[in-house]
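Worksheet: the structure to be examined is printed underneath.
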Amino acid sequence: MVARIVMDRTLEFLMNMPKKAVIMIDGQPKEKAFHSKTIEGNTIKVYVYLDDGYGLLTEAKLVDEHDIELDKYTTHIEQGEDGIMVVFTLTVSLKGVVQQ
């Protein structure tokens, strides 16, 4: 059995790993700070709010303090006047039974 503390510490470690987002807008990479980060069950969600104008968003990356890519996705979204929220999700799954 895996003690619940193993899951909790793993989630805490992963929540602290990402340091910024790099968003490709109109072909130019832009570093963005996080709007917020949450843990919901076994999933970490990192929110990045883009409110600085218009542009075509084609890629979003989550990186650590050494600019190592942790998560990435490609898209094709036109940013409008209301901005856009980018949400990265990292889900942890441990094999075996988690002891509460």
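Residues are named by chain letter and number: chains run A, B, ... in the order of the structure tokens, numbers start at 1 in each chain, and ligands are numbered from 1 in the order shown.
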Residues of stretch 13-36 of chain A within 6 Å of stretch 50-68 of chain A: nearest atom pair and distance (Å, one decimal) for each, counting only C-alpha atoms, sorted by chain and number, as a Markdown table?
| residue | atom | partner | partner_atom | distance |
| --- | --- | --- | --- | --- |
| A:Met17 | CA | A:Asp64 | CA | 5.7 |
| A:Pro18 | CA | A:Asp64 | CA | 4.5 |
| A:Lys19 | CA | A:Asp64 | CA | 4.9 |
| A:Lys20 | CA | A:Val63 | CA | 5.7 |
| A:Ala21 | CA | A:Leu62 | CA | 4.6 |
| A:Val22 | CA | A:Lys61 | CA | 5.1 |
| A:Ile23 | CA | A:Ala60 | CA | 4.5 |
| A:Met24 | CA | A:Glu59 | CA | 5.0 |
| A:Ile25 | CA | A:Leu57 | CA | 4.6 |
| A:Asp26 | CA | A:Leu56 | CA | 5.1 |
**Q.** Close residues, A:Leu14 itself excluded, 12 Å, only C-alpha atoms, min 4 positions apart in chain, as a list in words
**A.**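 These residues fall inside the cut-off: Met7, Asp8, Arg9, Thr10, Pro18, Lys19, Lys37, Thr38, Ile39, Asn42, Thr43, Ile44, Lys45, Val46, Leu62, Val63, Asp64, Leu70, Asp71, Thr89, Leu90, Thr91 and Val92 of chain A.
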Q: Give me every helix (DSSP H, G or I) residue in chain A, going by DSSP on the backbone, as number ranges by chain.
A: A: 4-16
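We find atom CA of A:Phe88 and atom CA of A:Val48 to be spaced 8.3 Å apart.
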